[in-house]
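Working notes for the structure below.
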Amino acid sequence: MTGAQGRKAAIYGALIGGAVLAALPLVFMIATALKANVYIIETPPQFFPTHPTLQNFVDAWSLNSFGVFFTNSLAVAISTTILSVLLSAMMAYAFARFAFAGKTLLFYSLLLTLMIPGLMLVIPQFLLAKTLGLLDSRQGLVFVYIASSLSLNTYLLRAFFEQLPRELEQAVQVDGGGHLVIFTRIVLPLSTPALATVGIFTFLYAWDEFPWAVTAINTDANKTLPMAIALFQSAHQTQWGLVFAASLIAIVPVIVVFITFQRYFVRGLTAGALKI
Amino acid sequence: MASSRGARAVSLRGAGEAALPRPLALGRLLGPRARGRLTPYVFLAPGYLVFATFMLYPLAKALQISFYHWQLMPGRVSQFVGLANYAAVLHDPISWVALRNTVLYAIGTVPTQIVLGLVVAILLDSIVRLRVFFRTLYYLPVITSWVVVSILFKYVFSSDAGLANYVLHDVLHILPGYIGWLQNVPTALFAIGLLGVWKGVGWSMLIFLAALQSIPKEMREAAAVDGAGTIRSYTGVIIPLMAPVMLFVLVLLVIGSFNVFISVYLMTGGAPLHQTEVLLSYMYHQAFDYLDFGYGAALSYLLAAVIFGLSLLQVRFLRREVEY
Amino acid sequence: MKRRSARLLTLLGGVAILGAACAQSTPTASTVTVTFWHGYNPEETKVFNEKVVAAFQQAHPNIKIQAQAVPYDTFHKKLLTAIAGGQSPDVIRADIIWVPELADLGALVALDTAMTDFNTYSSKVFPGPLSTNQFKGHYYGLPLDTNTRVLLWNKAMYAQAGISSPPATIDEFTSDVAKMSNGKDKFGYAEGGTGGWNFLPWLWTFGGNVTDDSVTKASGYLNGPDSVAALTWFVNLYKSHQMGPSVLGGDPHTDVGYAKDVYANVLDGPWMVPIFKAVYPSKTVDLAPIPAGKGGSSSVVGGEDIVLFKESQHKAEAQEFIRFMLSRQTQVTMGNIGQMPVLSELAGSPDLPSFFAVFQQQLKTAKARTPSPAWPKIDDAIGTAVTLAIKGQATPQQALDQAANTIDGLLKGS
């Protein structure tokens, strides 16, 4: 084996080893989901169930209007992602391309909220949502999710926009085009990798979010997937196979979104990478 | 890129005023200067409005709560206590234990995630086949829910023949006996930290990979070809180019590690004797188990102050090294 | 142009999705809706909706029950947030632990004054579960389902030690446990933790108490001679390797250890019987009352109460629902899916699973945990004391003195 081939083998070997470690707990999760009646998880761990069954997956889907919860999560996550990415792109554009009164203050006010634990905001947000009539509704979820994701998204997009070469925008301005044109026709199209990145992170956040969802939603018709999974856990007899099966079903859309959009990561975030 | 730039410029030049969208035509009525001054605010307004309503206002309200012996029932009067809640937090020995544990968790998980994420990113960058497959696999832990993996890891670290004990004792014979991982503070913190690293490496890997792939191919290839000196060429060339990204990842990972909660809550619940509490799990106990929301709010603001201070320090001291 | 319209479409799409999300159903004006929050798991929920709610609505066509399943682990937090926001439901199935706290908050209706026929129902239920609704001289709810812990004795391990029947007294228990422990991997007894739920049965059996009857102080009670004797006995079991590692959170858990013949005795609730049938079908579950000590055979009451919120706009209808939930028919229906009834007339009833009998017997003398809104912190203090004593970091007397001191402060504050 040549040196280069040896190195290649070593690289693949290391990657496979790491991938095994990354996947091991998940394999265990799948194995448990394929077992019936798992009220108590067996020790020593069984990776290959003796009588594998798909019953948990069937039960997870049919019990408890899982389908409704799934659709709700999808609607909420998609709306949140589109709106959050759009609004944060607009804000990022303002921060990246303009000088205006209060710019620093406004920008840092965004960053500040990254440092407060969201848990503490639940009660004030609840009171607010109640006043605005947004309780027990999917819109209520979307508004709060957008608000929570704007900081990080704006921050990321601003760093990206600042890197974009200005010649194209200047060309449009010379031509008499305003900022809306620049924004929609130049900046956004050039930013697809960053928008995709931000989009994936936002989708993931909205899809998995639980503390606010469980607080704000009461009726079954509006519940989201994380709540459905939590409902399988009861006071004394949690059937873990069911919980894991439900969680595995919930992961599928995220994997789909990830695989669909990850080609945008490949194009990279332009030379110079992210700057603070 | 240059040719497409030219092509785009040409097409725009031919557009003419008729192609301009309506709102801009309206803007012209306001006059160029007024329009210019308003534009950033127009872009800013929708997002910031949502943000201010649903984040800033609750933030202010939480701050207000921290100054009161807050009564949950609407209609009951809350007593203003000034800084008493903050004093209570600072005098509470468990708060300091929680702070210590949170800091240990950060120290243990953040550098590890950065190093491992970087290593995997570099490895992935150098292969062509199966890159998508590996990238997805490494990212899978990131998309799992904290609740589910915390329960999973609780069984991995079971003091009986859980996965960890089983592999280390029964299979590899490294351990003399089973370890009560979650019953002792050091091993419990280790288990929680391991979960944090396992779940987080994929995220930093993804960001580093994206940054790596934006570095011109020639530079990366030069570093790779240089046989024995690969490591040197990496540290000398590639890593300094990655420095801004690393700082960015560092700041975010520190913020994330200080917000660790569910894994602690579900794996140990802070036990034994509250010795494995972290700041957020303790805050949750105070607010939702003991109904002391004033205390919880004060604790969360102190936590925020610590994170803010740390972030400031990181940016101030490390940015100098990063920019050249 | 293409790109812009594409973007516009996406925007419109997002708005459309939001708009669809906005669509809400309007309630009919003639019926009254009563919201009921519960923590039943999906299987229990199914039976509850199909049999109980449907039957109620048939009998009361003008009352609609909106039953919400709330994830059990977050129930308390969600409830508190709802109360803070003035959005509490009408009725809930509340963990008995929460009732004093909710009553103290002023969120609940005192059912003994609000319900004209309260005494009819309160006299029909077991006294222990009923007492969990009591706070400062009033009853703030009625028991809905109950459970308690009894002794699960491992027939196989007993037979191996030559013992044919379970112990009836503490002394017998102590000597049996010693016989069945081998100091290494077989333990005569195992407990699942050190909190009130785990330790109080023994505390009470030894004749000890957490507080005085009026719940004003713990000094003299929690650290009184009987209580200290209980803790000393408990600690000795651990120190002589007769108590398994599960008490400090180690594995195997009590149920797993029982199934695998590692533990000879554990305390557990009625839910274990169906679980064992499903997971360990070959292992029988043998039940017996807790061995009697100075304080008799005493166990701890668990379960849920049904409570009514002051904020409710439909108190009369909600009370109808409460009455229905306490009817014989409903109690038997729910009893058959594992929710042990609270009606004393159903003790030993053939309509219920036969293994309920031992639990119902134990319930006659079972006690409620301290009815104080500060219970979580009191529980914490008890757990700390037991843990410190087991670990040898304090003597039982010292540990209980410290806990009693803490609890005094907590009781004074409420």
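We name chains A, B, ... following the order of the structure tokens; residues begin at 1 in each chain, and ligands are numbered from 1 as shown.
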Which chain B residues are at most 12 Å from chain C (counting only C-alpha atoms), as a ChimeraX atom specification? /B:11-12,15,19-21,70-76,147,154-162,165,178-184,188,265-275,284-293
Write the residues of the preceding selection, restricted to N, CA and C atoms, as a compact mmCIF listing (two decimals), in the first residue's frame.
```
# COMPACT_ATOMS: atom_id res chain seq x y z
N SER B 11 -27.66 42.81 -17.84
CA SER B 11 -29.11 42.63 -17.86
C SER B 11 -29.80 43.72 -17.06
N LEU B 12 -29.15 44.14 -15.96
CA LEU B 12 -29.77 45.18 -15.14
C LEU B 12 -29.78 46.52 -15.87
N ALA B 15 -32.66 47.19 -17.86
CA ALA B 15 -33.97 47.04 -17.22
C ALA B 15 -34.83 48.28 -17.38
N ALA B 19 -39.15 48.54 -14.85
CA ALA B 19 -38.99 47.28 -14.12
C ALA B 19 -38.94 47.48 -12.62
N LEU B 20 -38.82 48.74 -12.18
CA LEU B 20 -38.71 48.97 -10.74
C LEU B 20 -40.03 48.64 -10.05
N PRO B 21 -39.97 47.93 -8.94
CA PRO B 21 -41.20 47.59 -8.21
C PRO B 21 -41.85 48.83 -7.61
N TRP B 70 -42.26 37.16 44.34
CA TRP B 70 -43.34 37.19 43.36
C TRP B 70 -44.45 36.20 43.67
N GLN B 71 -45.69 36.69 43.63
CA GLN B 71 -46.85 35.86 43.90
C GLN B 71 -47.42 35.34 42.58
N LEU B 72 -47.63 34.05 42.52
CA LEU B 72 -48.09 33.44 41.29
C LEU B 72 -49.53 33.82 40.96
N MET B 73 -50.38 33.82 41.97
CA MET B 73 -51.81 34.04 41.72
C MET B 73 -52.05 35.47 41.25
N PRO B 74 -52.74 35.61 40.14
CA PRO B 74 -53.08 36.98 39.73
C PRO B 74 -54.04 37.56 40.77
N GLY B 75 -53.81 38.78 41.09
CA GLY B 75 -54.68 39.36 42.11
C GLY B 75 -54.00 39.47 43.46
N ARG B 76 -52.98 38.64 43.68
CA ARG B 76 -52.24 38.77 44.94
C ARG B 76 -51.13 39.76 44.75
N VAL B 147 -34.40 15.19 25.54
CA VAL B 147 -35.12 14.34 26.50
C VAL B 147 -34.84 12.87 26.23
N LYS B 154 -28.91 7.70 30.41
CA LYS B 154 -29.08 7.28 31.80
C LYS B 154 -28.93 5.76 31.88
N TYR B 155 -29.44 5.07 30.85
CA TYR B 155 -29.30 3.62 30.85
C TYR B 155 -27.92 3.17 30.41
N VAL B 156 -27.30 4.00 29.55
CA VAL B 156 -25.93 3.68 29.16
C VAL B 156 -25.05 3.65 30.41
N PHE B 157 -25.27 4.61 31.31
CA PHE B 157 -24.43 4.74 32.49
C PHE B 157 -25.07 4.12 33.73
N SER B 158 -25.93 3.18 33.52
CA SER B 158 -26.53 2.48 34.64
C SER B 158 -25.44 1.82 35.49
N SER B 159 -25.66 1.79 36.81
CA SER B 159 -24.62 1.24 37.68
C SER B 159 -24.62 -0.28 37.65
N ASP B 160 -25.61 -0.86 36.99
CA ASP B 160 -25.61 -2.30 36.78
C ASP B 160 -24.94 -2.53 35.42
N ALA B 161 -25.35 -3.53 34.68
CA ALA B 161 -24.69 -3.79 33.40
C ALA B 161 -25.23 -2.93 32.28
N GLY B 162 -25.17 -1.60 32.44
CA GLY B 162 -25.52 -0.71 31.35
C GLY B 162 -24.44 -0.78 30.29
N ASN B 165 -20.73 0.13 31.59
CA ASN B 165 -20.17 -0.90 32.46
C ASN B 165 -19.97 -2.21 31.71
N TYR B 178 -18.27 -2.95 38.41
CA TYR B 178 -19.17 -1.94 37.87
C TYR B 178 -19.00 -0.63 38.61
N ILE B 179 -19.12 0.47 37.89
CA ILE B 179 -19.05 1.80 38.51
C ILE B 179 -20.46 2.35 38.68
N GLY B 180 -20.71 2.95 39.82
CA GLY B 180 -21.98 3.67 40.01
C GLY B 180 -21.84 5.05 39.41
N TRP B 181 -21.95 5.14 38.08
CA TRP B 181 -21.65 6.39 37.39
C TRP B 181 -22.43 7.57 37.93
N LEU B 182 -23.74 7.39 37.97
CA LEU B 182 -24.57 8.56 38.30
C LEU B 182 -24.76 8.76 39.78
N GLN B 183 -24.15 7.91 40.60
CA GLN B 183 -24.32 8.05 42.05
C GLN B 183 -23.20 8.85 42.69
N ASN B 184 -22.11 9.04 41.96
CA ASN B 184 -21.01 9.83 42.51
C ASN B 184 -20.79 11.06 41.65
N ALA B 188 -20.63 11.21 37.61
CA ALA B 188 -21.90 11.71 37.06
C ALA B 188 -21.63 12.89 36.13
N TYR B 265 -31.15 17.31 34.47
CA TYR B 265 -32.45 17.11 35.11
C TYR B 265 -32.90 15.67 35.03
N LEU B 266 -32.66 15.04 33.85
CA LEU B 266 -33.16 13.68 33.66
C LEU B 266 -32.17 12.61 34.08
N MET B 267 -30.86 12.91 34.00
CA MET B 267 -29.92 11.85 34.35
C MET B 267 -29.70 11.74 35.85
N THR B 268 -29.56 12.86 36.52
CA THR B 268 -29.34 12.77 37.97
C THR B 268 -30.38 13.53 38.77
N GLY B 269 -31.06 14.47 38.14
CA GLY B 269 -32.00 15.30 38.89
C GLY B 269 -31.28 16.16 39.92
N GLY B 270 -29.96 16.32 39.74
CA GLY B 270 -29.22 17.13 40.70
C GLY B 270 -28.66 16.31 41.84
N ALA B 271 -29.13 15.05 41.92
CA ALA B 271 -28.67 14.21 43.03
C ALA B 271 -27.22 13.79 42.84
N PRO B 272 -26.51 13.29 43.82
CA PRO B 272 -27.01 13.16 45.18
C PRO B 272 -26.94 14.48 45.94
N LEU B 273 -27.99 14.74 46.69
CA LEU B 273 -27.98 15.90 47.57
C LEU B 273 -27.67 17.20 46.83
N HIS B 274 -28.25 17.37 45.67
CA HIS B 274 -28.07 18.61 44.90
C HIS B 274 -26.63 18.85 44.49
N GLN B 275 -25.78 17.84 44.55
CA GLN B 275 -24.38 18.09 44.26
C GLN B 275 -24.06 18.04 42.77
N TYR B 284 -34.73 25.86 37.72
CA TYR B 284 -36.01 25.20 37.48
C TYR B 284 -36.62 24.70 38.78
N HIS B 285 -35.79 24.07 39.62
CA HIS B 285 -36.28 23.61 40.93
C HIS B 285 -36.89 24.76 41.70
N GLN B 286 -36.14 25.85 41.79
CA GLN B 286 -36.59 26.97 42.59
C GLN B 286 -37.89 27.55 42.05
N ALA B 287 -37.95 27.70 40.74
CA ALA B 287 -39.12 28.35 40.17
C ALA B 287 -40.33 27.42 40.14
N PHE B 288 -40.17 26.21 39.64
CA PHE B 288 -41.35 25.39 39.38
C PHE B 288 -41.61 24.31 40.42
N ASP B 289 -40.61 23.93 41.22
CA ASP B 289 -40.88 22.97 42.28
C ASP B 289 -41.15 23.68 43.59
N TYR B 290 -40.36 24.70 43.87
CA TYR B 290 -40.54 25.40 45.14
C TYR B 290 -41.37 26.68 44.98
N LEU B 291 -41.75 26.99 43.77
CA LEU B 291 -42.59 28.16 43.48
C LEU B 291 -41.94 29.48 43.87
N ASP B 292 -40.59 29.51 43.86
CA ASP B 292 -39.94 30.78 44.20
C ASP B 292 -39.45 31.42 42.91
N PHE B 293 -40.36 32.10 42.21
CA PHE B 293 -40.01 32.64 40.90
C PHE B 293 -39.05 33.82 40.99
```
For stretch 195-203 of chain A, list every protein, DNA or RNA residue within 9 Å, evaluated using only C-alpha atoms, and leave out those in the same chain fewer than 5 positions away; present the list as a PyMOL selection string. chain A and resi 77-78+80-82+84-86+89+145-146+149+152-153+156-157+188+208+254+257-258+261-262+264-265
Residues just named, written with N, CA and C atoms as an mmCIF file, in the first residue's frame:
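Okay, part.cif is ready:
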```cif
data_model
loop_
_atom_site.group_PDB
_atom_site.id
_atom_site.type_symbol
_atom_site.label_atom_id
_atom_site.label_comp_id
_atom_site.auth_asym_id
_atom_site.auth_seq_id
_atom_site.Cartn_x
_atom_site.Cartn_y
_atom_site.Cartn_z
ATOM 1 N N ALA A 77 -43.179 24.452 12.024
ATOM 2 C CA ALA A 77 -41.747 24.532 11.718
ATOM 3 C C ALA A 77 -41.508 25.227 10.377
ATOM 4 N N ILE A 78 -42.321 24.900 9.390
ATOM 5 C CA ILE A 78 -42.118 25.526 8.077
ATOM 6 C C ILE A 78 -42.405 27.023 8.149
ATOM 7 N N THR A 80 -42.368 28.984 10.738
ATOM 8 C CA THR A 80 -41.324 29.639 11.526
ATOM 9 C C THR A 80 -40.066 29.829 10.703
ATOM 10 N N THR A 81 -39.659 28.780 10.005
ATOM 11 C CA THR A 81 -38.406 28.861 9.259
ATOM 12 C C THR A 81 -38.490 29.932 8.184
ATOM 13 N N ILE A 82 -39.537 29.901 7.389
ATOM 14 C CA ILE A 82 -39.636 30.879 6.302
ATOM 15 C C ILE A 82 -39.642 32.297 6.851
ATOM 16 N N SER A 84 -38.845 33.457 9.898
ATOM 17 C CA SER A 84 -37.676 33.855 10.674
ATOM 18 C C SER A 84 -36.504 34.162 9.762
ATOM 19 N N VAL A 85 -36.294 33.316 8.773
ATOM 20 C CA VAL A 85 -35.179 33.557 7.861
ATOM 21 C C VAL A 85 -35.400 34.865 7.108
ATOM 22 N N LEU A 86 -36.616 35.090 6.670
ATOM 23 C CA LEU A 86 -36.905 36.315 5.929
ATOM 24 C C LEU A 86 -36.673 37.550 6.799
ATOM 25 N N ALA A 89 -33.061 38.032 7.691
ATOM 26 C CA ALA A 89 -32.285 38.477 6.538
ATOM 27 C C ALA A 89 -32.467 39.978 6.346
ATOM 28 N N TYR A 145 -41.483 31.372 18.481
ATOM 29 C CA TYR A 145 -40.337 30.702 17.881
ATOM 30 C C TYR A 145 -39.546 31.671 16.999
ATOM 31 N N ILE A 146 -40.270 32.493 16.226
ATOM 32 C CA ILE A 146 -39.576 33.466 15.381
ATOM 33 C C ILE A 146 -38.750 34.391 16.260
ATOM 34 N N SER A 149 -35.585 32.887 17.567
ATOM 35 C CA SER A 149 -34.536 32.502 16.623
ATOM 36 C C SER A 149 -33.942 33.696 15.891
ATOM 37 N N LEU A 152 -29.866 34.777 16.736
ATOM 38 C CA LEU A 152 -28.784 34.003 16.154
ATOM 39 C C LEU A 152 -28.794 34.109 14.631
ATOM 40 N N ASN A 153 -29.991 34.033 14.043
ATOM 41 C CA ASN A 153 -30.090 34.096 12.584
ATOM 42 C C ASN A 153 -29.580 35.425 12.054
ATOM 43 N N LEU A 156 -25.767 35.563 12.309
ATOM 44 C CA LEU A 156 -25.099 34.775 11.279
ATOM 45 C C LEU A 156 -25.203 35.431 9.914
ATOM 46 N N LEU A 157 -26.394 35.882 9.579
ATOM 47 C CA LEU A 157 -26.591 36.448 8.245
ATOM 48 C C LEU A 157 -25.857 37.765 8.084
ATOM 49 N N LEU A 188 -29.943 38.205 -1.521
ATOM 50 C CA LEU A 188 -30.542 36.905 -1.183
ATOM 51 C C LEU A 188 -30.058 35.764 -2.063
ATOM 52 N N ASP A 208 -38.234 20.725 17.327
ATOM 53 C CA ASP A 208 -37.970 20.042 18.588
ATOM 54 C C ASP A 208 -38.413 20.791 19.825
ATOM 55 N N VAL A 254 -36.544 15.784 9.860
ATOM 56 C CA VAL A 254 -35.349 16.610 10.006
ATOM 57 C C VAL A 254 -34.222 16.066 9.150
ATOM 58 N N VAL A 257 -34.940 17.146 5.632
ATOM 59 C CA VAL A 257 -34.596 18.558 5.419
ATOM 60 C C VAL A 257 -33.089 18.719 5.335
ATOM 61 N N PHE A 258 -32.400 18.039 6.237
ATOM 62 C CA PHE A 258 -30.953 18.171 6.287
ATOM 63 C C PHE A 258 -30.313 17.695 4.995
ATOM 64 N N PHE A 261 -30.992 20.074 2.027
ATOM 65 C CA PHE A 261 -30.366 21.384 1.983
ATOM 66 C C PHE A 261 -28.860 21.368 2.181
ATOM 67 N N GLN A 262 -28.304 20.202 2.483
ATOM 68 C CA GLN A 262 -26.905 20.254 2.887
ATOM 69 C C GLN A 262 -25.970 20.522 1.725
ATOM 70 N N TYR A 264 -26.003 22.985 0.072
ATOM 71 C CA TYR A 264 -25.686 24.415 0.137
ATOM 72 C C TYR A 264 -24.521 24.687 1.061
ATOM 73 N N PHE A 265 -24.308 23.809 2.008
ATOM 74 C CA PHE A 265 -23.130 23.978 2.864
ATOM 75 C C PHE A 265 -21.870 23.825 2.047
#
```
Counting only C-alpha atoms, which of A:Leu231, A:Val20, A:Met91, A:Leu83 gets nearest to chain B?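 So, comparing all the options, the nearest one is A:Met91.
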Spatial neighbours of C:Trp197, 9 Å, only C-alpha atoms, chain gap at least 4 places, as a list in words: Arg149, Gly193, Pro201, Val300, Val301, Gly302, Arg369 and Asp379 of chain C
From stretch 123-163 of chain B, collect each residue whose DSSP state is helix (DSSP H, G or I) and return the set as a list of chain:residue names. B:Leu123, B:Leu124, B:Asp125, B:Arg131, B:Val132, B:Phe133, B:Phe134, B:Arg135, B:Thr136, B:Leu137, B:Tyr138, B:Tyr139, B:Leu140, B:Pro141, B:Val142, B:Ile143, B:Trp146, B:Val147, B:Val148, B:Val149, B:Ser150, B:Ile151, B:Leu152, B:Phe153, B:Lys154, B:Tyr155, B:Val156, B:Leu163
Grab the residues selected above and save them as a CSV table (one decimal), in the first residue's frame with N, CA and C atoms.
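Result file follows (again-v4.csv):
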```csv
chain,number,residue,atom,x,y,z
B,123,LEU,N,-10.9,15.6,8.4
B,123,LEU,CA,-10.9,14.3,7.8
B,123,LEU,C,-12.0,14.2,6.7
B,124,LEU,N,-13.2,14.8,7.0
B,124,LEU,CA,-14.2,14.8,6.0
B,124,LEU,C,-13.9,15.6,4.8
B,125,ASP,N,-13.1,16.6,5.0
B,125,ASP,CA,-12.8,17.5,3.9
B,125,ASP,C,-11.8,16.8,2.9
B,131,ARG,N,-18.9,11.3,1.6
B,131,ARG,CA,-18.8,12.5,2.5
B,131,ARG,C,-20.2,12.8,3.1
B,132,VAL,N,-21.2,12.8,2.2
B,132,VAL,CA,-22.5,13.1,2.6
B,132,VAL,C,-23.0,12.1,3.6
B,133,PHE,N,-22.7,10.9,3.4
B,133,PHE,CA,-23.1,9.8,4.3
B,133,PHE,C,-22.6,10.1,5.7
B,134,PHE,N,-21.2,10.3,5.8
B,134,PHE,CA,-20.6,10.5,7.1
B,134,PHE,C,-21.1,11.8,7.8
B,135,ARG,N,-21.3,12.8,6.9
B,135,ARG,CA,-21.7,14.1,7.5
B,135,ARG,C,-23.0,14.0,8.2
B,136,THR,N,-24.0,13.2,7.5
B,136,THR,CA,-25.3,13.0,8.0
B,136,THR,C,-25.2,12.2,9.3
B,137,LEU,N,-24.4,11.2,9.3
B,137,LEU,CA,-24.3,10.3,10.5
B,137,LEU,C,-23.8,11.1,11.7
B,138,TYR,N,-22.7,11.9,11.5
B,138,TYR,CA,-22.2,12.6,12.6
B,138,TYR,C,-23.1,13.7,13.1
B,139,TYR,N,-24.0,14.2,12.2
B,139,TYR,CA,-24.9,15.2,12.6
B,139,TYR,C,-26.2,14.6,13.3
B,140,LEU,N,-26.4,13.3,13.1
B,140,LEU,CA,-27.6,12.7,13.7
B,140,LEU,C,-27.8,13.0,15.2
B,141,PRO,N,-26.7,12.8,16.0
B,141,PRO,CA,-26.9,13.1,17.4
B,141,PRO,C,-27.5,14.5,17.7
B,142,VAL,N,-27.1,15.5,16.8
B,142,VAL,CA,-27.5,16.9,17.0
B,142,VAL,C,-29.0,17.0,16.9
B,143,ILE,N,-29.6,16.2,15.9
B,143,ILE,CA,-31.0,16.4,15.7
B,143,ILE,C,-31.9,15.5,16.6
B,146,TRP,N,-33.1,16.2,23.3
B,146,TRP,CA,-32.4,16.1,24.6
B,146,TRP,C,-33.1,15.1,25.5
B,147,VAL,N,-34.4,15.2,25.5
B,147,VAL,CA,-35.1,14.3,26.5
B,147,VAL,C,-34.8,12.9,26.2
B,148,VAL,N,-35.0,12.5,25.0
B,148,VAL,CA,-34.8,11.1,24.6
B,148,VAL,C,-33.4,10.6,24.9
B,149,VAL,N,-32.4,11.4,24.4
B,149,VAL,CA,-31.0,10.9,24.6
B,149,VAL,C,-30.6,11.0,26.0
B,150,SER,N,-31.1,11.9,26.8
B,150,SER,CA,-30.8,11.9,28.3
B,150,SER,C,-31.2,10.6,28.9
B,151,ILE,N,-32.4,10.1,28.6
B,151,ILE,CA,-32.9,8.9,29.1
B,151,ILE,C,-32.1,7.7,28.6
B,152,LEU,N,-31.7,7.8,27.3
B,152,LEU,CA,-30.9,6.8,26.8
B,152,LEU,C,-29.6,6.7,27.5
B,153,PHE,N,-28.9,7.8,27.7
B,153,PHE,CA,-27.6,7.8,28.4
B,153,PHE,C,-27.7,7.5,29.8
B,154,LYS,N,-28.9,7.7,30.4
B,154,LYS,CA,-29.1,7.3,31.8
B,154,LYS,C,-28.9,5.8,31.9
B,155,TYR,N,-29.4,5.1,30.9
B,155,TYR,CA,-29.3,3.6,30.9
B,155,TYR,C,-27.9,3.2,30.4
B,156,VAL,N,-27.3,4.0,29.5
B,156,VAL,CA,-25.9,3.7,29.2
B,156,VAL,C,-25.0,3.7,30.4
B,163,LEU,N,-24.6,-0.1,29.2
B,163,LEU,CA,-23.7,-0.2,28.1
B,163,LEU,C,-22.3,0.1,28.5
```
Give as a JSON list (two decimals) with N, CA and C atoms, in the first residue's frame every residue of chain A that touches chain C within 6 Å, counting only C-alpha atoms.
```
[["chain", "number", "residue", "atom", "x", "y", "z"],
["A", 79, "SER", "N", -43.55, 27.39, 8.76],
["A", 79, "SER", "CA", -43.87, 28.82, 8.87],
["A", 79, "SER", "C", -42.77, 29.56, 9.61],
["A", 123, "ILE", "N", -42.99, 32.28, 31.71],
["A", 123, "ILE", "CA", -44.17, 32.89, 32.34],
["A", 123, "ILE", "C", -44.49, 34.26, 31.78],
["A", 127, "LEU", "N", -48.03, 35.25, 29.85],
["A", 127, "LEU", "CA", -48.91, 36.37, 30.15],
["A", 127, "LEU", "C", -49.13, 37.23, 28.93],
["A", 138, "ARG", "N", -51.49, 27.68, 17.04],
["A", 138, "ARG", "CA", -50.21, 27.47, 16.38],
["A", 138, "ARG", "C", -49.53, 28.80, 16.07],
["A", 215, "THR", "N", -46.44, 24.55, 27.37],
["A", 215, "THR", "CA", -47.06, 25.55, 28.21],
["A", 215, "THR", "C", -48.22, 26.23, 27.51],
["A", 230, "ALA", "N", -43.88, 13.15, 24.62],
["A", 230, "ALA", "CA", -43.92, 13.27, 26.08],
["A", 230, "ALA", "C", -45.16, 12.59, 26.65],
["A", 231, "LEU", "N", -46.25, 12.59, 25.91],
["A", 231, "LEU", "CA", -47.48, 11.98, 26.41],
["A", 231, "LEU", "C", -47.36, 10.48, 26.57],
["A", 232, "PHE", "N", -46.39, 9.87, 25.91],
["A", 232, "PHE", "CA", -46.20, 8.44, 26.08],
["A", 232, "PHE", "C", -45.54, 8.11, 27.41],
["A", 234, "SER", "N", -45.71, 8.13, 31.21],
["A", 234, "SER", "CA", -46.70, 8.34, 32.27],
["A", 234, "SER", "C", -46.03, 8.25, 33.62]]
```
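Here atom CA of C:Pro129 stands at a distance of 25.9 Å from atom CA of C:Asn223.
The shortest atom-to-atom distance to A:Val68, with only C-alpha atoms taken into account, belongs to A:Ala228 out of A:Ala9, A:Leu87, A:Leu180, A:Ala228.
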Compile the contact shell of C:Gln313 as a list in words: residues with an atom at most 10 Å away, counting only C-alpha atoms, same-chain residues fewer than 6 positions apart removed.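 Everything that qualifies: Val32, Thr33, Val34, Pro89 and Asp90 of chain C.
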Applying 6 Å and only C-alpha atoms, which residues near C:Gly296 remain after dropping the ones on its own chain fewer than 3 positions away? List them as a ChimeraX atom specification. /C:205,292-293
